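**Q** This one is my_file.cif, mmCIF, C-alpha atoms and all ligand atoms.
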data_structure
loop_
_atom_site.label_atom_id
_atom_site.label_comp_id
_atom_site.auth_asym_id
_atom_site.auth_seq_id
_atom_site.Cartn_x
_atom_site.Cartn_y
_atom_site.Cartn_z
CA LYS A 1 131.29 98.36 201.10
CA VAL A 2 132.61 96.18 203.91
CA SER A 3 133.12 98.21 207.08
CA PRO A 4 136.74 98.22 208.29
CA ARG A 5 135.60 96.35 211.40
CA ALA A 6 134.66 93.27 209.36
CA HIS A 7 138.09 93.16 207.69
CA SER A 8 140.44 90.38 208.77
CA TYR A 9 144.00 91.52 209.52
CA THR A 10 145.14 87.95 210.18
CA LYS A 11 144.37 86.46 206.79
CA TYR A 12 145.98 86.82 203.37
CA ASN A 13 143.22 88.87 201.78
CA THR A 14 142.43 88.80 198.08
CA TRP A 15 142.87 91.97 196.04
CA ASP A 16 139.08 92.42 195.89
CA THR A 17 138.91 92.32 199.69
CA ILE A 18 141.83 94.71 200.06
CA GLN A 19 140.30 97.09 197.50
CA SER A 20 137.04 97.16 199.50
CA TRP A 21 139.01 97.72 202.69
CA ILE A 22 140.91 100.63 201.11
CA ALA A 23 137.62 102.24 200.11
CA SER A 24 136.10 101.92 203.58
CA ILE A 25 139.14 102.60 205.77
CA SER A 26 140.05 105.72 203.78
CA THR A 27 136.68 107.28 204.63
CA SER A 28 136.60 106.01 208.23
CA ASN A 29 138.37 109.02 209.79
CA SER A 30 138.72 112.09 207.61
CA ASP A 31 140.96 113.73 210.19
CA LEU A 32 143.63 111.02 209.98
CA ILE A 33 143.39 109.21 206.65
CA SER A 34 142.72 109.89 202.98
CA LYS A 35 143.43 108.07 199.74
CA GLN A 36 144.83 108.99 196.38
CA VAL A 37 145.13 106.87 193.25
CA ILE A 38 148.65 107.36 191.85
CA GLY A 39 147.94 105.54 188.61
CA ASN A 40 146.75 102.20 187.26
CA THR A 41 148.53 98.91 186.74
CA PHE A 42 149.15 97.30 183.36
CA GLU A 43 145.85 95.42 183.64
CA GLY A 44 144.03 98.56 184.80
CA ARG A 45 143.81 98.07 188.56
CA PRO A 46 144.14 101.23 190.69
CA MET A 47 147.32 101.83 192.71
CA THR A 48 145.97 103.56 195.80
CA VAL A 49 148.16 105.35 198.33
CA LEU A 50 146.70 105.86 201.80
CA LYS A 51 147.86 109.09 203.45
CA LEU A 52 147.98 108.78 207.25
CA GLY A 53 148.52 111.78 209.47
CA LYS A 54 146.72 114.52 211.38
CA ARG A 55 145.03 116.65 208.77
CA SER A 56 146.95 119.92 208.38
CA SER A 57 146.69 122.92 206.10
CA SER A 58 150.50 123.12 206.00
CA THR A 59 152.72 120.54 204.30
CA LYS A 60 154.31 118.04 206.69
CA PRO A 61 157.44 115.92 206.22
CA ALA A 62 156.55 112.36 205.21
CA ILE A 63 157.51 108.71 205.16
CA PHE A 64 156.62 106.50 202.16
CA MET A 65 156.09 102.77 202.68
CA ASP A 66 155.13 100.23 200.01
CA CYS A 67 154.11 96.59 200.30
CA GLY A 68 153.57 93.86 197.74
CA ILE A 69 156.16 94.88 195.14
CA HIS A 70 156.75 91.14 194.66
CA ALA A 71 153.52 89.27 194.09
CA ARG A 72 154.22 86.04 196.03
CA GLU A 73 155.43 87.79 199.21
CA TRP A 74 151.95 87.77 200.81
CA ILE A 75 153.04 88.72 204.33
CA SER A 76 154.06 92.11 202.93
CA PRO A 77 150.58 93.48 202.01
CA ALA A 78 149.34 91.89 205.25
CA PHE A 79 151.81 94.12 207.12
CA CYS A 80 150.71 97.32 205.35
CA GLN A 81 147.09 96.58 206.26
CA TRP A 82 148.17 95.90 209.85
CA PHE A 83 150.20 99.16 209.97
CA VAL A 84 147.23 101.25 208.81
CA LYS A 85 144.91 99.58 211.34
CA GLU A 86 147.43 100.08 214.16
CA ALA A 87 148.08 103.72 213.25
CA LEU A 88 144.39 104.61 213.26
CA SER A 89 143.55 102.57 216.37
CA THR A 90 146.47 103.73 218.53
CA TYR A 91 146.49 107.40 217.55
CA GLY A 92 145.51 109.28 220.70
CA SER A 93 146.58 106.46 223.06
CA ASP A 94 150.09 105.54 221.94
CA SER A 95 152.24 108.62 222.52
CA GLN A 96 154.79 107.78 219.82
CA MET A 97 152.19 107.08 217.13
CA THR A 98 150.28 110.21 218.13
CA SER A 99 153.41 112.34 217.91
CA LEU A 100 154.39 110.74 214.58
CA LEU A 101 151.02 111.39 212.93
CA ASN A 102 150.81 114.89 214.36
CA GLN A 103 154.22 115.87 213.02
CA MET A 104 154.53 113.74 209.88
CA ASP A 105 152.46 112.07 207.19
CA VAL A 106 152.89 108.40 206.31
CA PHE A 107 152.07 107.40 202.75
CA VAL A 108 151.22 103.68 202.55
CA LEU A 109 150.89 101.79 199.26
CA PRO A 110 149.28 98.54 200.47
CA VAL A 111 149.81 96.64 197.22
CA PHE A 112 152.39 97.88 194.69
CA ASN A 113 152.22 95.01 192.20
CA VAL A 114 148.44 94.57 192.14
CA ASP A 115 148.24 92.53 188.91
CA GLY A 116 150.88 90.12 190.17
CA TYR A 117 149.27 89.81 193.60
CA ASP A 118 145.90 88.99 192.06
CA PHE A 119 147.63 86.46 189.76
CA THR A 120 149.17 84.64 192.73
CA HIS A 121 145.69 84.21 194.24
CA LYS A 122 144.09 83.01 191.01
CA SER A 123 146.77 81.26 188.96
CA ASN A 124 150.37 80.88 190.10
CA ARG A 125 151.13 81.24 193.81
CA MET A 126 154.84 81.61 193.11
CA TRP A 127 154.61 84.50 190.62
CA ARG A 128 157.01 87.38 191.43
CA LYS A 129 156.94 89.90 188.60
CA THR A 130 154.42 92.30 187.04
CA ARG A 131 152.00 90.95 184.41
CA SER A 132 152.89 93.24 181.52
CA ARG A 133 152.88 91.95 177.93
CA LYS A 134 155.29 92.99 175.25
CA SER A 135 155.76 91.99 171.61
CA GLY A 136 158.47 89.51 170.75
CA THR A 137 158.01 87.28 173.78
CA ASN A 138 155.42 84.93 175.24
CA CYS A 139 156.75 85.59 178.72
CA PHE A 140 154.96 88.01 181.06
CA GLY A 141 156.21 90.77 183.29
CA ALA A 142 159.40 92.27 184.63
CA ASP A 143 160.82 92.30 188.14
CA PRO A 144 159.70 95.66 189.55
CA ASN A 145 162.64 95.58 191.95
CA ARG A 146 165.04 95.51 188.99
CA ASN A 147 163.16 98.14 186.98
CA PHE A 148 164.04 101.31 188.88
CA ASN A 149 166.65 103.64 187.38
CA ALA A 150 169.46 102.75 189.75
CA GLY A 151 172.42 101.06 188.08
CA TRP A 152 169.70 99.56 185.92
CA CYS A 153 170.38 96.01 184.72
CA THR A 154 174.08 96.11 185.60
CA ALA A 155 174.03 93.47 188.35
CA GLY A 156 171.86 90.67 189.66
CA ALA A 157 169.30 91.11 186.90
CA SER A 158 168.54 89.52 183.56
CA SER A 159 167.68 90.97 180.16
CA ASN A 160 165.76 87.79 179.37
CA PRO A 161 161.98 88.54 179.51
CA CYS A 162 161.37 85.00 180.78
CA SER A 163 163.65 85.45 183.79
CA ASP A 164 162.19 86.14 187.24
CA THR A 165 164.70 88.99 187.56
CA TYR A 166 164.04 90.51 184.13
CA CYS A 167 164.98 94.18 184.42
CA GLY A 168 162.45 95.30 181.80
CA SER A 169 163.00 96.90 178.39
CA THR A 170 164.01 100.23 179.92
CA PRO A 171 164.12 101.73 183.43
CA GLU A 172 160.53 102.37 184.57
CA SER A 173 159.17 100.35 181.63
CA GLU A 174 156.71 98.86 184.14
CA ILE A 175 153.84 101.28 184.64
CA GLU A 176 153.62 100.31 188.31
CA VAL A 177 157.24 101.36 188.82
CA LYS A 178 156.73 104.60 186.89
CA ASN A 179 153.65 105.45 188.97
CA VAL A 180 155.57 105.02 192.23
CA ALA A 181 158.70 106.79 190.95
CA ASP A 182 156.60 109.71 189.68
CA PHE A 183 154.83 109.99 193.05
CA ILE A 184 158.11 110.00 194.98
CA ARG A 185 159.69 112.49 192.56
CA ARG A 186 156.65 114.79 192.91
CA ASN A 187 156.98 114.63 196.70
CA LYS A 188 160.73 114.30 197.11
CA SER A 189 161.07 117.56 199.03
CA ILE A 190 158.88 116.20 201.83
CA ILE A 191 159.66 112.45 201.76
CA LYS A 192 162.36 111.83 204.39
CA ALA A 193 162.22 108.02 204.44
CA TYR A 194 161.40 105.19 202.05
CA ILE A 195 160.50 101.73 203.41
CA THR A 196 159.73 98.79 201.15
CA ILE A 197 158.46 95.49 202.54
CA HIS A 198 159.42 92.09 201.13
CA SER A 199 159.68 88.55 202.41
CA TYR A 200 161.43 86.31 203.34
CA SER A 201 164.85 86.05 205.09
CA GLN A 202 164.55 88.31 208.16
CA LEU A 203 166.85 91.05 206.88
CA LEU A 204 166.89 94.83 207.21
CA LEU A 205 168.70 96.05 204.10
CA PHE A 206 169.75 99.50 202.99
CA PRO A 207 171.71 100.94 200.00
CA TYR A 208 173.46 99.86 198.06
CA SER A 209 172.48 96.66 196.31
CA TYR A 210 173.68 97.79 192.87
CA THR A 211 177.29 98.11 194.08
CA TYR A 212 179.50 96.96 196.95
CA GLU A 213 180.47 100.59 197.45
CA LEU A 214 179.32 101.88 200.83
CA ALA A 215 176.67 104.61 200.81
CA ALA A 216 177.73 108.07 202.04
CA ASP A 217 175.39 107.58 205.03
CA HIS A 218 176.40 103.94 205.61
CA SER A 219 177.29 104.24 209.29
CA GLU A 220 174.11 106.12 210.17
CA LEU A 221 171.91 103.79 208.13
CA LEU A 222 173.55 100.78 209.81
CA LYS A 223 173.12 102.29 213.28
CA VAL A 224 169.41 102.90 212.71
CA ALA A 225 168.95 99.44 211.16
CA GLU A 226 170.60 97.76 214.15
CA GLY A 227 168.39 99.73 216.54
CA ALA A 228 165.30 98.76 214.57
CA SER A 229 166.34 95.10 214.47
CA ALA A 230 166.91 95.12 218.22
CA ALA A 231 163.44 96.60 218.75
CA LEU A 232 161.97 93.87 216.56
CA ARG A 233 163.86 91.13 218.38
CA SER A 234 162.70 92.41 221.77
CA LEU A 235 159.18 91.04 221.25
CA TYR A 236 159.57 87.37 220.26
CA GLY A 237 163.32 87.01 219.80
CA THR A 238 163.10 87.00 215.99
CA ALA A 239 166.64 87.57 214.73
CA TYR A 240 167.25 89.92 211.80
CA THR A 241 170.50 90.72 210.02
CA SER A 242 171.12 94.36 209.10
CA GLY A 243 173.39 95.55 206.33
CA PRO A 244 173.85 96.95 202.82
CA GLY A 245 172.02 94.87 200.24
CA ALA A 246 174.92 93.83 198.02
CA ALA A 247 176.94 92.19 200.80
CA THR A 248 174.03 91.11 203.01
CA ILE A 249 171.87 89.31 200.43
CA TYR A 250 173.33 89.71 196.89
CA PRO A 251 174.28 92.39 194.38
CA ALA A 252 171.15 93.47 192.46
CA ALA A 253 170.61 96.60 190.40
CA GLY A 254 167.38 98.50 189.75
CA GLY A 255 166.05 98.28 193.30
CA SER A 256 163.56 100.77 194.70
CA ASP A 257 165.58 101.52 197.85
CA ASP A 258 168.77 102.36 195.91
CA TRP A 259 166.79 104.58 193.57
CA ALA A 260 165.09 106.46 196.42
CA TYR A 261 168.42 106.91 198.21
CA ASP A 262 170.13 108.33 195.12
CA LEU A 263 167.14 110.66 194.64
CA GLY A 264 167.94 112.06 198.10
CA VAL A 265 165.68 110.04 200.42
CA LYS A 266 168.37 109.31 203.01
CA TYR A 267 166.54 106.80 205.21
CA SER A 268 165.85 104.11 202.64
CA TYR A 269 165.24 100.54 203.84
CA THR A 270 164.18 97.17 202.48
CA PHE A 271 162.62 94.79 205.01
CA GLU A 272 162.68 91.05 204.39
CA LEU A 273 160.09 89.70 206.83
CA ARG A 274 159.70 86.15 208.26
CA ASP A 275 160.78 83.45 207.94
CA THR A 276 164.25 82.13 207.07
CA GLY A 277 163.08 79.39 204.73
CA ARG A 278 161.04 76.82 206.58
CA TYR A 279 157.83 78.11 204.96
CA GLY A 280 159.37 80.91 202.93
CA PHE A 281 156.79 82.74 200.81
CA LEU A 282 154.11 80.34 202.16
CA LEU A 283 154.28 81.71 205.70
CA PRO A 284 151.24 80.31 207.58
CA GLU A 285 148.44 82.76 208.45
CA SER A 286 149.04 81.88 212.11
CA GLN A 287 152.27 83.89 211.87
CA ILE A 288 150.70 87.05 210.43
CA LYS A 289 149.92 88.52 213.86
CA PRO A 290 153.32 87.95 215.51
CA THR A 291 155.16 88.99 212.35
CA CYS A 292 153.18 92.23 212.08
CA GLU A 293 153.51 93.01 215.81
CA GLU A 294 157.31 92.67 215.78
CA THR A 295 157.67 94.54 212.48
CA MET A 296 155.60 97.43 213.88
CA LEU A 297 158.32 97.91 216.53
CA ALA A 298 161.04 98.17 213.87
CA VAL A 299 159.09 100.53 211.61
CA LYS A 300 158.14 102.72 214.60
CA TYR A 301 161.81 102.80 215.63
CA ILE A 302 162.83 104.07 212.20
CA ALA A 303 159.94 106.54 212.09
CA ALA A 304 160.85 107.93 215.52
CA TYR A 305 164.48 108.35 214.45
CA VAL A 306 163.48 110.09 211.21
CA GLN A 307 161.07 112.31 213.13
CA LYS A 308 163.90 113.47 215.44
CA ASN A 309 166.46 113.91 212.65
O1 LIG B 1 162.94 90.01 196.55
C1 LIG B 1 163.64 89.56 197.42
C2 LIG B 1 163.00 88.55 198.26
O2 LIG B 1 162.02 89.36 198.82
C3 LIG B 1 164.99 90.05 197.75
C4 LIG B 1 165.24 91.40 197.10
C5 LIG B 1 166.66 91.87 197.49
C6 LIG B 1 166.90 93.29 197.06
C7 LIG B 1 166.63 94.34 197.92
C8 LIG B 1 166.87 95.65 197.53
C9 LIG B 1 167.36 95.93 196.25
C10 LIG B 1 167.59 94.88 195.36
C11 LIG B 1 167.36 93.55 195.75
C12 LIG B 1 165.19 91.23 195.57
O3 LIG B 1 165.77 90.27 195.05
O4 LIG B 1 164.52 92.08 194.92
ZN ZN B 2 160.88 90.58 197.23
#
Please render this file's structure as structure tokens.
**A**
Amino acid sequence: KVSPRAHSYTKYNTWDTIQSWIASISTSNSDLISKQVIGNTFEGRPMTVLKLGKRSSSTKPAIFMDCGIHAREWISPAFCQWFVKEALSTYGSDSQMTSLLNQMDVFVLPVFNVDGYDFTHKSNRMWRKTRSRKSGTNCFGADPNRNFNAGWCTAGASSNPCSDTYCGSTPESEIEVKNVADFIRRNKSIIKAYITIHSYSQLLLFPYSYTYELAADHSELLKVAEGASAALRSLYGTAYTSGPGAATIYPAAGGSDDWAYDLGVKYSYTFELRDTGRYGFLLPESQIKPTCEETMLAVKYIAAYVQKN
């Protein structure tokens, strides 16, 4: 096993490297971190959630954050690795992180779409979907962010298995989506916030994407998003746009944030990290550090707000 110290947080690591890191980091501090496999992917890779937070015998409220739902968005898993490293290394010195991990747990799924992520390293760098196979088509996978049971396949999605926004044969047809949905359902009484990390476009989105209707908590969600975007911008001036998904990017049904919100997770956000199109999904590794540093400020802003409310 590679010790966490040898792990690079400023490179786009392969799945094998990330898997080794998960194994070593999750045993590096039993008082602050543990791991749990929430199921396997279509091709049999483990989906491992890291639980961060001061060990407690009583149940604590929690935040759930996933990265890598879309395979080609490599900066996303890089951020989840960065977040875990920062949480463990600043607990005890950073007062906000210390308070957060004392009072709450943070569940981090470093790579949601593991099969797809591995495929982008080995075969097709621009792959987006899962890698599931089904009879009747030679095309692989469904878009996991169209496969949640939230207005499923009614907007911004395709019922063509060869489309990059294929919604799947049924809601939660993708085992990766079912594993995450099951985990959140099992823990819905404690999960207060859902954060899902994508790239690119520099957006902070919140429900709804499946309709132009405003969410019941629209004004509060917008207020928090604008505060988080301002925190992010304070570091390097990176400008984000905040707003409901449908109007801010495009209408799209079956998204994880809409599903979590309708389940009752009020603070539900989709981040679209750097950049705005110059490099797009191929963001250079030289931008991993600044991107992760600024995004930490936004995620900590949201976490602090959730902690107080
Ligand atoms: O992947 C994207 C690029 O990261 C944008 C997201 C926009 C979106 C976000 C939340 C819900 C539905 C769609 C997507 O199309 O799934
Ligand atoms: Zn995406």
**Q** Give the padded box for stretch 78-93 of chain A as AutoDock Vina command-line options: axis-aligned, covering all atoms listed in the file, 8 Å on each side, centre and edge lengths in Å to one decimal.
**A**
--center_x 147.7 --center_y 100.6 --center_z 214.2 --size_x 24.3 --size_y 33.4 --size_z 33.8
**Q** Calculate how many Å separate atom CA of A:Pro110 from atom CA of A:Val306, rounding to one decimal.
**A**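 Pair atom CA of A:Pro110 / atom CA of A:Val306 returns 21.2 Å.
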**Q** If we count only C-alpha atoms and set the cut-off at 7 Å, which residues sit around A:Ile288, ignoring sequence neighbours fewer than 3 positions away in its own chain? Please answer as a count of residues only.
**A** 5
**Q** Quick one: pull the distance between atom CA of A:Pro284 and atom CA of A:Thr238, Å, one decimal.
**A**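 Between atom CA of A:Pro284 and atom CA of A:Thr238 the gap is 16.0 Å.
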**Q** For stretch 228-237 of chain A, find every residue with an atom within 6 Å (counting only C-alpha atoms), except residues of its own chain fewer than 4 positions away, and show them as a ChimeraX atom specification.
**A** /A:294-295,297-298,301
**Q** Which residue gives the smallest distance to A:Arg186 among A:Ser20, A:Ala303, A:Leu263, A:Ser201, with all atoms listed in the file counted?
**A**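 Result for the nearest residue to A:Arg186: A:Leu263.
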**Q** Can you pull out every residue with an atom within 7 Å of ligand ZN 2 (chain B)? Use only C-alpha atoms and all ligand atoms and format it as a list in words.
**A** Ile69, His70, Glu73, His198 and Ser199 of chain A
**Q** Write out, as a PDB file, keeping the file's coordinate frame, the residues just selected, with C-alpha atoms.
**A**
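Output contents, as saved in out10.pdb:
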ATOM      1  CA  ILE A  69     156.160  94.880 195.140  1.00  0.00           C
ATOM      2  CA  HIS A  70     156.750  91.140 194.660  1.00  0.00           C
ATOM      3  CA  GLU A  73     155.430  87.790 199.210  1.00  0.00           C
ATOM      4  CA  HIS A 198     159.420  92.090 201.130  1.00  0.00           C
ATOM      5  CA  SER A 199     159.680  88.550 202.410  1.00  0.00           C
TER       6      SER A 199
END
**Q** Would you please work out which residue, of A:Asn187, A:Lys223, A:Gly245, A:Lys178, is nearest to A:Leu203 when using only C-alpha atoms?
**A**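 Among the listed residues, A:Gly245 lies closest to A:Leu203.
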**Q** As a VMD selection string, please: the residues near A:Gly44 (cut-off 12 Å, all atoms listed in the file, same-chain neighbours under 3 positions excluded).
**A** chain A and resid 37 39 to 41 47 113 to 115 131 to 132 175 to 176
**Q** Show me which residues line ligand LIG 1 (chain B), defined as having an atom within 9 Å of a ligand atom where all atoms listed in the file count, and present them as a PyMOL selection string.
**A** chain A and resi 69-70+72-73+128+143-146+156-157+165+196-201+205-210+244-246+249-258+269-273+281
**Q** So that I can see what lies close to A:Ala62, please list as number ranges by chain the residues with an atom at most 10 Å from it, counting only C-alpha atoms and leaving out residues fewer than 4 positions away in the same chain.
**A** A: 51-53, 100-101, 103-107, 187-194, 303, 306-307
**Q** In Å, with one decimal, what is the gap from atom CA of A:Val111 to atom CA of A:Thr48?
**A**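 Answer for the atom CA of A:Val111 to atom CA of A:Thr48 separation: 8.0 Å.
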**Q** Between A:Ala78, A:Ala6, A:Ile25, A:Met65, which residue has the minimum interatomic distance to A:Glu293, considering only C-alpha atoms?
**A** A:Ala78
**Q** Need the shell around A:Trp259: protein/DNA/RNA residues with any atom at most 9 Å away, counting all atoms listed in the file. Skip same-chain ones fewer than 6 positions apart. Format as a list in words?
**A**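 The filter keeps Phe148, Asn149, Ala150, Gly151, Ala181, Pro207 and Val265 of chain A.
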**Q** Let me make sure I understand: among A:Arg185, A:His7, A:Arg278, A:Lys54, which one has the smallest atom-to-atom distance to A:Thr98 if we use only C-alpha atoms?
**A**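 Checking each candidate against A:Thr98, we get A:Lys54 as the closest.
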**Q** Have a look at A:Pro290, A:Asn147, A:Thr154, A:Ile38 and name the one nearest to A:Asp182; count only C-alpha atoms.
**A**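 Comparing A:Pro290, A:Asn147, A:Thr154, A:Ile38 against A:Asp182, the winner is A:Ile38.
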**Q** With distances taken over only C-alpha atoms, which of A:Gln96, A:Gln81, A:Thr211, A:Ser76 is nearest to A:Val49?
**A** A:Gln81
